[in-house]
Amino acid sequence: MAVPGARAADGVSTGGGVVHLANLPKPEGLHSDAAYNSDLAFTGDYAIGGNYDGFVVYDISVPARPRLVSTVVCPGGQGDVSVSGDLLYFSVDYPR
């Protein structure tokens with residue numbers, strides 16, 4: 001699938017120059033219906049997705065074959081992720 005705006009067999013549709021290359025199921029602990037990885041950070045060959053249940057780190061050095069590196073279950077609200085140097089921050093909007 002290399003046509004922007006097309007629909008993949010898994011139901012993912014793309015547009016705006018985005019091409020769907022791969023999909024991994026949500027890991028255990030971060031797979032609830034409300035666990036959207038809406039907060040993303042990127043550093044080097046890694047993509048980090050944060051949500052209300054924690055965060056997940058993927059190795060995206062081979063974009064067509066992403067690999068799960070780490071899953072951290074940490075319910076705490078919002079789940080904003082950011083990277084500074086060698087540090088990964090997981091910010092929440094209220095204490096837990």
# chains A, B, ... in the order shown; residues from 1 in each chain; ligands from 1

$ residues_around --residues "Tyr36 in chain A" --least-positions-apart "5" --cutoff "10 Å" --atoms "only C-alpha atoms" --output "list in words"
Lys26, Leu30, His31, Gly49, Gly50, Asn51, Tyr52 and Asp53 of chain A

$ residues_around --residues "range 85-92 of chain A" --least-positions-apart "2" --cutoff "9 Å" --atoms "only C-alpha atoms" --output "count of residues only"
17

$ atom_distance --atom1 "CA of Ser84 in chain A" --atom2 "CA of Ser61 in chain A"
19.4 Å

$ closest_residue --among "A:Ala64, A:Cys74, A:Val69, A:Leu40" --to "Asn23 in chain A" --atoms "only C-alpha atoms"
A:Ala64

$ select_by_dssp --residues "chain A" --states "strand (DSSP E)" --output "PyMOL selection string"
chain A and resi 39-43+46-51+54-59+67-73+80-84+87-91

$ write_last_selection --atoms "N, CA, C and O atoms" --output "CSV table (one decimal), in the first residue's frame"
chain,number,residue,atom,x,y,z
A,39,ASP,N,-0.3,10.8,22.5
A,39,ASP,CA,0.8,11.6,22.8
A,39,ASP,C,2.1,10.9,22.3
A,39,ASP,O,2.4,9.8,22.8
A,40,LEU,N,2.7,11.5,21.4
A,40,LEU,CA,3.9,10.8,20.8
A,40,LEU,C,5.2,11.6,20.9
A,40,LEU,O,5.1,12.9,20.9
A,41,ALA,N,6.3,10.9,21.1
A,41,ALA,CA,7.6,11.5,21.1
A,41,ALA,C,8.5,10.6,20.2
A,41,ALA,O,8.3,9.4,20.1
A,42,PHE,N,9.5,11.3,19.6
A,42,PHE,CA,10.4,10.5,18.8
A,42,PHE,C,11.9,10.9,19.1
A,42,PHE,O,12.1,12.1,19.4
A,43,THR,N,12.7,9.9,19.2
A,43,THR,CA,14.2,10.2,19.4
A,43,THR,C,15.0,9.1,18.7
A,43,THR,O,14.7,7.9,18.9
A,46,TYR,N,13.6,5.6,17.8
A,46,TYR,CA,12.5,5.2,18.7
A,46,TYR,C,11.3,6.1,18.6
A,46,TYR,O,11.4,7.3,18.5
A,47,ALA,N,10.1,5.5,18.7
A,47,ALA,CA,8.9,6.2,18.8
A,47,ALA,C,8.3,5.8,20.2
A,47,ALA,O,8.2,4.6,20.5
A,48,ILE,N,7.8,6.8,20.9
A,48,ILE,CA,7.2,6.6,22.2
A,48,ILE,C,5.8,7.0,22.2
A,48,ILE,O,5.5,8.2,21.8
A,49,GLY,N,4.8,6.2,22.6
A,49,GLY,CA,3.4,6.5,22.6
A,49,GLY,C,2.9,6.5,24.0
A,49,GLY,O,3.1,5.5,24.8
A,50,GLY,N,2.4,7.6,24.5
A,50,GLY,CA,1.8,7.8,25.8
A,50,GLY,C,0.3,7.8,25.8
A,50,GLY,O,-0.3,8.3,24.9
A,51,ASN,N,-0.3,7.3,26.9
A,51,ASN,CA,-1.7,7.4,27.0
A,51,ASN,C,-2.1,7.4,28.5
A,51,ASN,O,-1.2,7.4,29.4
A,54,GLY,N,-0.2,4.5,30.6
A,54,GLY,CA,1.3,4.4,30.7
A,54,GLY,C,1.9,4.8,29.3
A,54,GLY,O,1.3,5.6,28.6
A,55,PHE,N,3.0,4.1,29.0
A,55,PHE,CA,3.6,4.4,27.7
A,55,PHE,C,4.3,3.2,27.1
A,55,PHE,O,4.6,2.2,27.8
A,56,VAL,N,4.6,3.2,25.8
A,56,VAL,CA,5.2,2.1,25.1
A,56,VAL,C,6.3,2.7,24.2
A,56,VAL,O,6.2,3.8,23.7
A,57,VAL,N,7.4,2.0,24.1
A,57,VAL,CA,8.5,2.4,23.3
A,57,VAL,C,8.7,1.4,22.2
A,57,VAL,O,8.8,0.2,22.4
A,58,TYR,N,8.8,1.9,20.9
A,58,TYR,CA,9.0,1.1,19.8
A,58,TYR,C,10.3,1.4,19.1
A,58,TYR,O,10.7,2.6,19.0
A,59,ASP,N,11.0,0.4,18.6
A,59,ASP,CA,12.2,0.6,17.7
A,59,ASP,C,11.6,0.7,16.3
A,59,ASP,O,11.0,-0.2,15.8
A,67,ARG,N,9.4,-2.7,16.2
A,67,ARG,CA,9.6,-3.8,17.2
A,67,ARG,C,9.3,-3.1,18.6
A,67,ARG,O,9.8,-2.0,18.9
A,68,LEU,N,8.5,-3.8,19.4
A,68,LEU,CA,8.2,-3.4,20.8
A,68,LEU,C,9.5,-3.5,21.6
A,68,LEU,O,10.1,-4.6,21.7
A,69,VAL,N,9.9,-2.4,22.3
A,69,VAL,CA,11.1,-2.4,23.1
A,69,VAL,C,10.7,-2.5,24.6
A,69,VAL,O,11.3,-3.2,25.4
A,70,SER,N,9.7,-1.7,25.0
A,70,SER,CA,9.4,-1.6,26.4
A,70,SER,C,7.9,-1.1,26.6
A,70,SER,O,7.4,-0.3,25.8
A,71,THR,N,7.3,-1.6,27.6
A,71,THR,CA,5.9,-1.2,28.0
A,71,THR,C,6.0,-0.9,29.5
A,71,THR,O,6.5,-1.6,30.3
A,72,VAL,N,5.5,0.3,29.8
A,72,VAL,CA,5.4,0.7,31.2
A,72,VAL,C,4.0,1.1,31.5
A,72,VAL,O,3.4,2.0,31.0
A,73,VAL,N,3.3,0.3,32.4
A,73,VAL,CA,2.0,0.5,32.8
A,73,VAL,C,2.0,1.4,34.0
A,73,VAL,O,2.6,1.1,35.0
A,80,ASP,N,1.4,12.5,28.8
A,80,ASP,CA,2.3,13.2,27.8
A,80,ASP,C,3.7,12.7,27.9
A,80,ASP,O,4.3,12.6,29.0
A,81,VAL,N,4.3,12.4,26.8
A,81,VAL,CA,5.7,11.9,26.8
A,81,VAL,C,6.5,12.9,26.1
A,81,VAL,O,6.1,13.6,25.1
A,82,SER,N,7.8,13.0,26.6
A,82,SER,CA,8.7,13.9,25.9
A,82,SER,C,10.1,13.3,26.2
A,82,SER,O,10.3,12.6,27.2
A,83,VAL,N,11.1,13.7,25.4
A,83,VAL,CA,12.4,13.2,25.5
A,83,VAL,C,13.4,14.4,25.5
A,83,VAL,O,13.2,15.3,24.7
A,84,SER,N,14.3,14.4,26.4
A,84,SER,CA,15.4,15.4,26.5
A,84,SER,C,16.7,14.6,26.8
A,84,SER,O,16.9,14.1,27.8
A,87,LEU,N,16.8,11.2,28.7
A,87,LEU,CA,15.7,11.1,29.6
A,87,LEU,C,14.4,11.1,28.9
A,87,LEU,O,14.1,11.9,28.0
A,88,LEU,N,13.5,10.2,29.3
A,88,LEU,CA,12.1,10.1,28.8
A,88,LEU,C,11.3,10.6,30.0
A,88,LEU,O,11.4,10.1,31.1
A,89,TYR,N,10.4,11.6,29.7
A,89,TYR,CA,9.5,12.1,30.7
A,89,TYR,C,8.1,11.7,30.4
A,89,TYR,O,7.7,11.7,29.3
A,90,PHE,N,7.4,11.2,31.4
A,90,PHE,CA,6.0,10.9,31.3
A,90,PHE,C,5.2,11.8,32.3
A,90,PHE,O,5.3,11.7,33.5
A,91,SER,N,4.6,12.8,31.7
A,91,SER,CA,3.9,13.8,32.5
A,91,SER,C,2.4,13.5,32.6
A,91,SER,O,1.8,13.1,31.7

$ atom_distance --atom1 "CA of Asn37 in chain A" --atom2 "CA of Pro66 in chain A"
15.4 Å

$ decode --residues "range 34-85 of chain A" --atoms "C-alpha atoms" --output "short mmCIF file (atom, residue, chain, number, x, y, z; two decimals), in the first residue's frame"
data_model
loop_
_atom_site.label_atom_id
_atom_site.label_comp_id
_atom_site.auth_asym_id
_atom_site.auth_seq_id
_atom_site.Cartn_x
_atom_site.Cartn_y
_atom_site.Cartn_z
CA ALA A 34 -9.60 4.31 26.01
CA ALA A 35 -5.83 3.77 25.70
CA TYR A 36 -5.16 5.88 22.62
CA ASN A 37 -1.49 6.62 21.98
CA SER A 38 -2.35 10.23 21.26
CA ASP A 39 0.81 11.63 22.82
CA LEU A 40 3.90 10.81 20.78
CA ALA A 41 7.61 11.54 21.07
CA PHE A 42 10.44 10.53 18.77
CA THR A 43 14.15 10.20 19.41
CA GLY A 44 16.67 8.53 17.11
CA ASP A 45 15.22 5.17 16.03
CA TYR A 46 12.51 5.18 18.70
CA ALA A 47 8.87 6.20 18.83
CA ILE A 48 7.21 6.57 22.24
CA GLY A 49 3.43 6.51 22.61
CA GLY A 50 1.84 7.75 25.82
CA ASN A 51 -1.73 7.38 27.03
CA TYR A 52 -3.76 7.36 30.24
CA ASP A 53 -2.49 3.87 31.13
CA GLY A 54 1.26 4.39 30.65
CA PHE A 55 3.62 4.42 27.69
CA VAL A 56 5.21 2.13 25.13
CA VAL A 57 8.54 2.38 23.29
CA TYR A 58 8.99 1.06 19.75
CA ASP A 59 12.16 0.59 17.73
CA ILE A 60 11.33 2.04 14.31
CA SER A 61 14.79 1.66 12.75
CA VAL A 62 13.14 -0.58 10.12
CA PRO A 63 9.86 1.29 9.56
CA ALA A 64 8.09 -1.62 7.84
CA ARG A 65 8.93 -3.87 10.85
CA PRO A 66 8.59 -1.87 14.10
CA ARG A 67 9.59 -3.76 17.24
CA LEU A 68 8.23 -3.39 20.78
CA VAL A 69 11.08 -2.40 23.11
CA SER A 70 9.37 -1.57 26.40
CA THR A 71 5.95 -1.22 27.98
CA VAL A 72 5.40 0.75 31.19
CA VAL A 73 1.97 0.51 32.80
CA CYS A 74 1.51 3.62 34.91
CA PRO A 75 -2.09 4.88 35.10
CA GLY A 76 -2.03 8.55 35.93
CA GLY A 77 -3.95 10.72 33.55
CA GLN A 78 -3.01 12.43 30.31
CA GLY A 79 0.30 10.58 29.70
CA ASP A 80 2.27 13.23 27.83
CA VAL A 81 5.66 11.88 26.77
CA SER A 82 8.74 13.91 25.93
CA VAL A 83 12.44 13.21 25.52
CA SER A 84 15.40 15.37 26.51
CA GLY A 85 18.83 13.86 25.89
#
